[in-house]
Structure formats: C-alpha cells, structure tokens
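Note: the block below is model23.csv and it holds CSV, C-alpha atoms.
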chain,number,residue,atom,x,y,z
V,2,MET,CA,-124.7,-35.8,-198.7
V,3,ALA,CA,-125.1,-32.1,-197.9
V,4,MET,CA,-126.9,-31.3,-194.7
V,5,PRO,CA,-129.2,-28.3,-194.2
V,6,SER,CA,-127.9,-25.6,-191.8
V,7,PRO,CA,-128.7,-26.4,-188.2
V,8,VAL,CA,-130.8,-24.2,-185.9
V,9,VAL,CA,-128.6,-22.6,-183.3
V,10,VAL,CA,-129.8,-21.2,-180.1
V,11,PRO,CA,-127.0,-19.2,-178.5
V,12,ALA,CA,-126.3,-19.2,-174.8
V,13,SER,CA,-128.1,-16.4,-173.0
V,14,GLY,CA,-125.2,-16.0,-170.6
V,15,LYS,CA,-121.5,-16.8,-170.9
V,16,HIS,CA,-121.1,-19.8,-173.2
V,17,SER,CA,-119.3,-22.6,-171.5
V,18,ALA,CA,-121.1,-25.7,-172.8
V,19,THR,CA,-122.9,-27.0,-175.9
V,20,VAL,CA,-125.8,-29.4,-176.4
V,21,ILE,CA,-126.3,-31.0,-179.8
V,22,MET,CA,-129.7,-32.6,-180.3
V,23,LEU,CA,-130.7,-34.6,-183.3
V,24,HIS,CA,-134.4,-35.0,-184.4
V,25,GLY,CA,-136.2,-38.2,-185.4
V,26,LEU,CA,-137.3,-39.6,-188.8
V,27,GLY,CA,-139.2,-37.1,-191.0
V,28,ASP,CA,-138.6,-34.2,-188.7
V,29,GLN,CA,-136.3,-31.2,-188.6
V,30,GLY,CA,-134.1,-29.4,-186.1
V,31,SER,CA,-136.5,-26.5,-185.6
V,32,SER,CA,-139.1,-28.8,-184.1
V,33,TRP,CA,-136.9,-29.4,-181.1
V,34,ALA,CA,-135.5,-25.8,-180.7
V,35,PRO,CA,-138.1,-24.8,-178.0
V,36,VAL,CA,-136.3,-27.4,-175.7
V,37,ALA,CA,-133.4,-24.9,-175.4
V,38,SER,CA,-135.4,-22.4,-173.4
V,39,GLN,CA,-137.2,-25.2,-171.4
V,40,MET,CA,-133.8,-26.5,-170.1
V,41,GLY,CA,-133.0,-23.2,-168.2
V,42,LEU,CA,-129.3,-23.4,-168.9
V,43,PRO,CA,-128.0,-19.9,-169.7
V,44,HIS,CA,-124.5,-21.1,-170.2
V,45,CYS,CA,-125.4,-23.6,-172.8
V,46,LYS,CA,-125.5,-23.2,-176.6
V,47,PHE,CA,-128.0,-25.5,-178.3
V,48,ILE,CA,-127.5,-26.9,-181.8
V,49,PHE,CA,-130.4,-28.6,-183.6
V,50,PRO,CA,-129.2,-30.1,-186.9
V,51,SER,CA,-131.5,-31.1,-189.7
V,52,ALA,CA,-131.0,-34.3,-191.7
V,53,ALA,CA,-130.9,-34.4,-195.4
V,54,THR,CA,-133.8,-35.9,-197.3
V,55,ARG,CA,-133.4,-39.4,-198.6
V,56,PRO,CA,-135.5,-42.5,-199.6
V,57,VAL,CA,-136.4,-44.5,-196.4
V,58,SER,CA,-137.2,-48.2,-196.7
V,59,ILE,CA,-139.5,-48.2,-193.7
V,60,ASN,CA,-141.4,-45.3,-195.3
V,61,MET,CA,-142.1,-47.5,-198.4
V,62,GLY,CA,-139.1,-45.9,-200.1
V,63,ALA,CA,-140.6,-42.4,-200.0
V,64,PRO,CA,-138.0,-39.7,-199.3
V,65,CYS,CA,-138.0,-37.8,-196.0
V,66,PRO,CA,-135.5,-36.2,-193.7
V,67,ALA,CA,-133.4,-39.1,-192.2
V,68,TRP,CA,-130.0,-39.5,-190.7
V,69,ALA,CA,-129.7,-42.9,-192.4
V,70,ASP,CA,-132.0,-45.5,-194.0
V,71,ILE,CA,-134.2,-47.5,-191.7
V,72,LYS,CA,-135.0,-51.0,-192.8
V,73,GLY,CA,-136.9,-52.0,-189.7
V,74,LEU,CA,-137.4,-51.2,-186.0
V,75,SER,CA,-136.9,-54.5,-184.3
V,76,PRO,CA,-133.7,-55.9,-182.6
V,77,ASP,CA,-132.9,-58.1,-185.6
V,78,SER,CA,-133.5,-55.5,-188.3
V,79,PRO,CA,-130.4,-54.7,-190.5
V,80,ASP,CA,-128.8,-51.3,-190.1
V,81,ASP,CA,-127.8,-48.8,-192.8
V,82,GLU,CA,-124.2,-48.8,-191.6
V,83,GLU,CA,-122.8,-46.6,-194.3
V,84,GLY,CA,-125.5,-44.0,-193.7
V,85,ALA,CA,-125.0,-44.1,-190.0
V,86,LYS,CA,-121.2,-43.6,-190.4
V,87,GLN,CA,-121.8,-40.6,-192.6
V,88,ALA,CA,-124.1,-39.1,-189.9
V,89,ILE,CA,-121.6,-39.8,-187.2
V,90,GLU,CA,-118.9,-38.0,-189.1
V,91,TYR,CA,-121.3,-35.0,-189.4
V,92,VAL,CA,-121.9,-35.0,-185.6
V,93,HIS,CA,-118.2,-35.3,-185.0
V,94,LYS,CA,-117.6,-32.3,-187.2
V,95,LEU,CA,-120.2,-30.3,-185.2
V,96,ILE,CA,-118.3,-31.2,-182.0
V,97,ALA,CA,-115.0,-30.3,-183.6
V,98,ASP,CA,-116.3,-26.9,-184.5
V,99,GLU,CA,-117.3,-26.3,-180.9
V,100,VAL,CA,-113.9,-27.5,-179.6
V,101,ALA,CA,-112.2,-25.1,-182.1
V,102,ALA,CA,-114.4,-22.3,-180.6
V,103,GLY,CA,-113.0,-23.0,-177.1
V,104,ILE,CA,-115.5,-25.5,-175.7
V,105,PRO,CA,-113.7,-28.7,-174.5
V,106,PRO,CA,-115.2,-32.1,-175.5
V,107,SER,CA,-116.1,-32.7,-171.8
V,108,ARG,CA,-118.4,-29.7,-172.0
V,109,VAL,CA,-120.3,-31.0,-175.1
V,110,VAL,CA,-123.4,-33.3,-174.7
V,111,VAL,CA,-125.0,-35.0,-177.7
V,112,GLY,CA,-128.4,-36.6,-177.8
V,113,GLY,CA,-131.6,-36.9,-179.8
V,114,PHE,CA,-135.0,-38.4,-180.3
V,115,SER,CA,-135.7,-41.7,-182.0
V,116,GLN,CA,-133.3,-42.1,-184.9
V,117,GLY,CA,-131.5,-39.0,-183.8
V,118,ALA,CA,-130.9,-40.7,-180.5
V,119,ALA,CA,-129.5,-43.7,-182.2
V,120,ILE,CA,-127.0,-41.6,-184.2
V,121,SER,CA,-126.0,-39.4,-181.3
V,122,CYS,CA,-125.4,-42.5,-179.1
V,123,LEU,CA,-123.0,-43.9,-181.7
V,124,SER,CA,-121.4,-40.5,-182.1
V,125,ALA,CA,-120.7,-40.3,-178.3
V,126,MET,CA,-119.4,-43.9,-178.1
V,127,THR,CA,-117.0,-43.5,-181.0
V,128,HIS,CA,-115.7,-40.0,-180.4
V,129,LYS,CA,-112.0,-40.0,-179.7
V,130,GLU,CA,-112.2,-37.7,-176.6
V,131,ALA,CA,-114.8,-38.4,-173.9
V,132,LEU,CA,-117.8,-36.1,-174.2
V,133,GLY,CA,-119.8,-34.6,-171.3
V,134,GLY,CA,-122.7,-36.9,-171.8
V,135,CYS,CA,-125.2,-38.5,-174.2
V,136,PHE,CA,-129.0,-38.8,-174.0
V,137,LEU,CA,-131.4,-41.0,-175.9
V,138,LEU,CA,-135.1,-40.2,-176.0
V,139,SER,CA,-137.1,-43.1,-177.4
V,140,GLY,CA,-134.0,-44.3,-179.2
V,141,TRP,CA,-132.0,-47.5,-179.7
V,142,LEU,CA,-128.5,-48.8,-180.2
V,143,MET,CA,-127.6,-49.3,-183.9
V,144,MET,CA,-125.0,-51.9,-185.0
V,145,ARG,CA,-125.1,-53.7,-181.6
V,146,GLN,CA,-122.8,-56.5,-182.9
V,147,LYS,CA,-120.2,-54.1,-184.2
V,148,VAL,CA,-120.2,-51.3,-181.6
V,149,PRO,CA,-117.8,-53.1,-179.2
V,150,SER,CA,-115.1,-52.9,-181.9
V,151,MET,CA,-115.9,-49.3,-182.7
V,152,LEU,CA,-115.9,-48.1,-179.0
V,153,SER,CA,-113.5,-45.2,-178.1
V,154,PRO,CA,-111.5,-46.3,-175.1
V,155,SER,CA,-112.2,-42.9,-173.4
V,156,PHE,CA,-116.0,-43.5,-173.6
V,157,LEU,CA,-115.5,-46.3,-171.1
V,158,SER,CA,-112.5,-45.1,-169.1
V,159,ASP,CA,-114.1,-41.7,-168.5
V,160,LYS,CA,-117.5,-43.3,-167.7
V,161,VAL,CA,-119.3,-40.9,-170.1
V,162,PRO,CA,-122.9,-40.7,-168.6
V,163,VAL,CA,-125.7,-41.8,-170.8
V,164,LEU,CA,-129.4,-41.2,-170.1
V,165,HIS,CA,-131.8,-43.5,-172.0
V,166,CYS,CA,-135.5,-42.6,-171.7
V,167,HIS,CA,-138.3,-44.7,-173.2
V,168,GLY,CA,-142.1,-44.9,-173.0
V,169,THR,CA,-143.6,-48.2,-172.2
V,170,ASN,CA,-146.4,-47.7,-174.8
V,171,ASP,CA,-144.0,-46.8,-177.6
V,172,MET,CA,-145.4,-48.6,-180.7
V,173,ILE,CA,-142.9,-47.1,-183.2
V,174,VAL,CA,-139.6,-48.0,-181.4
V,175,PRO,CA,-140.9,-50.7,-179.1
V,176,PHE,CA,-140.1,-50.4,-175.5
V,177,LEU,CA,-138.5,-53.9,-175.6
V,178,PHE,CA,-136.0,-52.6,-178.3
V,179,GLY,CA,-135.0,-49.8,-176.0
V,180,GLN,CA,-134.5,-52.2,-173.1
V,181,VAL,CA,-132.4,-54.6,-175.3
V,182,SER,CA,-130.3,-51.6,-176.5
V,183,SER,CA,-129.7,-50.4,-172.9
V,184,GLN,CA,-128.8,-53.8,-171.7
V,185,ALA,CA,-126.3,-54.2,-174.6
V,186,MET,CA,-124.7,-50.9,-173.7
V,187,GLU,CA,-124.5,-51.9,-170.0
V,188,GLN,CA,-122.8,-55.2,-170.9
V,189,MET,CA,-120.2,-53.2,-172.9
V,190,GLY,CA,-119.4,-51.3,-169.7
V,191,ALA,CA,-121.4,-48.1,-170.5
V,192,ASN,CA,-122.4,-45.8,-167.6
V,193,ILE,CA,-126.0,-45.8,-168.5
V,194,ASP,CA,-129.2,-44.9,-166.7
V,195,PHE,CA,-132.4,-46.4,-168.3
V,196,LYS,CA,-135.6,-44.7,-167.4
V,197,PRO,CA,-139.0,-46.1,-168.4
V,198,TYR,CA,-142.0,-43.9,-168.6
V,199,PRO,CA,-145.3,-45.8,-167.9
V,200,GLY,CA,-148.0,-45.1,-170.5
V,201,MET,CA,-145.8,-42.8,-172.7
V,202,ALA,CA,-145.9,-43.5,-176.4
V,203,HIS,CA,-143.4,-42.5,-179.1
V,204,GLU,CA,-143.2,-38.9,-177.8
V,205,SER,CA,-141.8,-36.8,-175.0
V,206,SER,CA,-143.4,-35.7,-171.8
V,207,PRO,CA,-142.9,-33.0,-169.1
V,208,GLN,CA,-141.4,-35.6,-166.7
V,209,GLU,CA,-138.9,-36.8,-169.4
V,210,LEU,CA,-137.8,-33.2,-170.1
V,211,SER,CA,-137.5,-32.5,-166.4
V,212,ASP,CA,-135.2,-35.6,-166.1
V,213,LEU,CA,-133.2,-34.4,-169.1
V,214,GLN,CA,-132.8,-31.0,-167.5
V,215,ALA,CA,-131.5,-32.6,-164.3
V,216,PHE,CA,-129.1,-34.8,-166.4
V,217,LEU,CA,-127.7,-31.8,-168.3
V,218,LYS,CA,-127.2,-29.8,-165.1
V,219,LYS,CA,-125.3,-32.6,-163.7
V,220,CYS,CA,-123.1,-33.3,-166.8
V,221,ILE,CA,-122.4,-29.7,-167.7
V,222,PRO,CA,-123.0,-27.5,-164.7
V,223,GLU,CA,-122.6,-23.8,-165.1
V,224,ALA,CA,-119.0,-22.9,-164.7
V,225,PRO,CA,-118.3,-20.3,-162.0
V,226,PRO,CA,-117.3,-16.9,-163.3
V,227,ALA,CA,-113.6,-16.0,-163.3
V,228,PRO,CA,-112.6,-14.0,-160.2
V,229,ILE,CA,-112.7,-10.2,-160.4
V,230,PRO,CA,-109.2,-8.5,-160.3
V,231,SER,CA,-108.6,-6.7,-157.1
V,232,ASP,CA,-108.0,-3.5,-159.1
V,233,PRO,CA,-110.4,-3.6,-162.2
V,234,SER,CA,-109.6,-0.1,-163.3
V,235,GLY,CA,-107.3,-1.4,-166.0
V,236,LEU,CA,-110.0,-3.5,-167.7
V,237,SER,CA,-111.7,-2.4,-170.9
V,238,VAL,CA,-115.4,-1.5,-171.2
V,239,LYS,CA,-116.0,-4.9,-172.9
V,240,GLU,CA,-114.3,-6.7,-170.0
V,241,LEU,CA,-116.3,-4.8,-167.4
V,242,LYS,CA,-119.6,-5.5,-169.2
V,243,GLY,CA,-118.6,-9.1,-169.4
V,244,ILE,CA,-118.0,-9.4,-165.6
V,245,LEU,CA,-121.4,-7.8,-165.0
V,246,LYS,CA,-123.2,-10.1,-167.5
V,247,GLU,CA,-121.6,-13.2,-166.0
V,248,ARG,CA,-123.1,-12.3,-162.7
V,249,GLY,CA,-126.5,-11.3,-163.9
V,250,VAL,CA,-126.0,-7.6,-163.2
V,251,ASP,CA,-127.8,-5.1,-165.5
V,252,SER,CA,-125.4,-2.6,-167.1
V,253,SER,CA,-128.0,-0.8,-169.3
V,254,ASP,CA,-127.9,2.2,-167.0
V,255,CYS,CA,-124.1,2.6,-167.4
V,256,PHE,CA,-123.3,5.3,-169.9
V,257,GLU,CA,-119.6,5.8,-169.0
V,258,LYS,CA,-116.8,3.5,-168.1
V,259,SER,CA,-116.8,4.9,-164.7
V,260,ASP,CA,-120.3,3.7,-164.2
V,261,LEU,CA,-119.3,0.2,-165.2
V,262,LEU,CA,-116.3,0.3,-162.9
V,263,ALA,CA,-118.3,1.4,-160.0
V,264,LYS,CA,-120.7,-1.5,-160.4
V,265,VAL,CA,-117.9,-4.0,-160.8
V,266,LYS,CA,-116.1,-2.6,-157.7
V,267,SER,CA,-119.4,-3.0,-155.7
V,268,LEU,CA,-119.1,-6.8,-156.4
V,269,LEU,CA,-115.7,-7.1,-154.7

Please rewrite the model in this file as structure tokens.
Amino acid sequence: MAMPSPVVVPASGKHSATVIMLHGLGDQGSSWAPVASQMGLPHCKFIFPSAATRPVSINMGAPCPAWADIKGLSPDSPDDEEGAKQAIEYVHKLIADEVAAGIPPSRVVVGGFSQGAAISCLSAMTHKEALGGCFLLSGWLMMRQKVPSMLSPSFLSDKVPVLHCHGTNDMIVPFLFGQVSSQAMEQMGANIDFKPYPGMAHESSPQELSDLQAFLKKCIPEAPPAPIPSDPSGLSVKELKGILKERGVDSSDCFEKSDLLAKVKSLL
C-alpha cells in the first residue's frame, strides 16, 4: 500500500540525529510536526510520516488513515499482523534512508502516538541494528505473544532505551492496556521506563512533552563539532561557513573568504 509523502522538518543546525514520529488512528503527520520545534534539538531532523487510508474495524469499517487495521483496544483483542508487518517494513525503510545519508542507527529514534506508538515500538524491537531509542505516547505493544520470537538480539544486548508515557484517564487506549504492555516488554528484558500521567486522557501534555525532550536529549545528544584545523586557511568558503554555523556564529556579515577566515581563526 502506497504511503503519502512524510512531513520532514530539517535540522536547524548540523544534522547528526533523526527522530521518526508516527501519528495515531485517523490523523496525519502534519498534526505532530510542531513537536519538532518544541523539542529544541537543532541537530535533529524530524520525520512525520502519514499512514495510507484503509477500512478500520474499530471505526465500523469506515476508511481512515491507519498503520494497520484495529479490531479492538483491549489486551485480548486480535491484531492485524499483516498490516503491522507492512508498516514496520515502511519504518525500517525510512531508517535505512537515514543510514544511507550518513546517520548511524544509534542516532535514530522512533516513536509515536497511540497506534503510531505501537508500530514504532515493534519497529525498534525488530530492527537488525540497535536504534538510539524508542518512545510510546499513549500506545501499546502489539502481538505480545509473538514479539519474543521477533526480537532483534541487539535490541536487548544494547539495552535500547524505551520511554512509555500513558495517561491514567485514557479511555481510548486504557491505562491498564499500557501497563500490561509495559510489563510484557519488561519481562522480555527491555530497557523501559513507564511514566503514568495522573488525570491525562488520550492526549499529550506539556509535562509529557518535557519528559520526551529530556529523553531525546539523553538518547541522541548533540554531537560536539569537529575540531578546527590549526591552519584553516586551506579550507573552502563552504567549509569555513560550516564551522561557523556549527558553533552558532553568524556569518551574514562576511562578504569575502578573508572575513570568514578571520572569524574562524578567532575561535582557535
């Protein structure tokens, strides 16, 4: 099934990490795009994919954007395994594209809200190489009985950090379902931190986003800039501008290479 083009928010600084965030049922990637600026991570590129439209059982069969069919939202509800596997393959392709562009898997974090959280969780747990982290906002673990046989060894051996956030007043994906999912992952050996939010429904909150920001900063901290050569005079204009940009130095007033060079040398 063809997926719509994702919303991409480029890194405002030097790109050294990527966050892929999946939306929930009936939503689209653009709805979560404002999160990128709220995280305050200039080195991070954010990708907000959108799911294709399909009939959804829990929606009385009416079509809406969904990563897979949802037959129910209780611990004993059957899962759309084929739909989930297709969505996982799509997320893995997005990760592969980032790796091909020079971002190692350990600098990629996947996560999402509701059904997007469920898919991103499976994507992280089954990815061949360990990712930088995974976060679930009001989500759950799909295919709990089959996941142990699907687990990538690196997910456990590298102790990929998982942040699971859930509101206690969630009536869509019940809080109990989130707890059961978190406990199942913990029993598998996952490095998971389950955070309850008293009074929060099936939504996000400033505190949750603050916790997410702290999680991302810990998983994929900003990489220190490369050292400046002792004699930068042989660098190109592009390289000199790059050095200044990495360090947050304005170069808009530099009209000649000599101007750039003088600013770079002042940093030595």

List the spatial neighbours of V:Glu247 as a ChimeraX atom specification - criterion: any atom at most 10 Å away, only C-alpha atoms, same-chain residues fewer than 5 positions off excluded. /V:14-16,43-44,225-227,242

Could those selected residues go to a file with C-alpha atoms, as an mmCIF file, keeping the file's coordinate frame?
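Writing the result to part.cif gives the following:
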data_model
loop_
_atom_site.group_PDB
_atom_site.id
_atom_site.type_symbol
_atom_site.label_atom_id
_atom_site.label_comp_id
_atom_site.auth_asym_id
_atom_site.auth_seq_id
_atom_site.Cartn_x
_atom_site.Cartn_y
_atom_site.Cartn_z
ATOM 1 C CA GLY V 14 -125.200 -16.000 -170.600
ATOM 2 C CA LYS V 15 -121.500 -16.800 -170.900
ATOM 3 C CA HIS V 16 -121.100 -19.800 -173.200
ATOM 4 C CA PRO V 43 -128.000 -19.900 -169.700
ATOM 5 C CA HIS V 44 -124.500 -21.100 -170.200
ATOM 6 C CA PRO V 225 -118.300 -20.300 -162.000
ATOM 7 C CA PRO V 226 -117.300 -16.900 -163.300
ATOM 8 C CA ALA V 227 -113.600 -16.000 -163.300
ATOM 9 C CA LYS V 242 -119.600 -5.500 -169.200
#

What's around V:Ile120 at 7 Å? Count only C-alpha atoms, leave out sequence neighbours fewer than 5 positions away in its own chain, and write the answer as a PDB file with C-alpha atoms, keeping the file's coordinate frame.
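Saved to part-v5.pdb:
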ATOM      1  CA  ALA V  85    -125.000 -44.100-190.000  1.00  0.00           C
ATOM      2  CA  ALA V  88    -124.100 -39.100-189.900  1.00  0.00           C
ATOM      3  CA  ILE V  89    -121.600 -39.800-187.200  1.00  0.00           C
TER       4      ILE V  89
END

Quick one: distance from atom CA of V:Pro228 to atom CA of V:Lys258 in Å, one decimal?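 These atoms are spaced 19.7 Å apart.
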
Give me the residues near V:Asp77 as a compact mmCIF listing (two decimals) with C-alpha atoms, in the coordinates of the input, where near means some atom within 10 Å (using all atoms listed in the file) and where sequence neighbours in that chain fewer than 4 positions away do not count.
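Output below, filename selection_8.txt:
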# COMPACT_ATOMS: atom_id res chain seq x y z
CA GLY V 73 -136.90 -52.00 -189.70
CA ARG V 145 -125.10 -53.70 -181.60
CA PHE V 178 -136.00 -52.60 -178.30

Between atom CA of V:Leu177 and atom CA of V:Leu217, what is the distance, to one decimal in Å? 25.7 Å
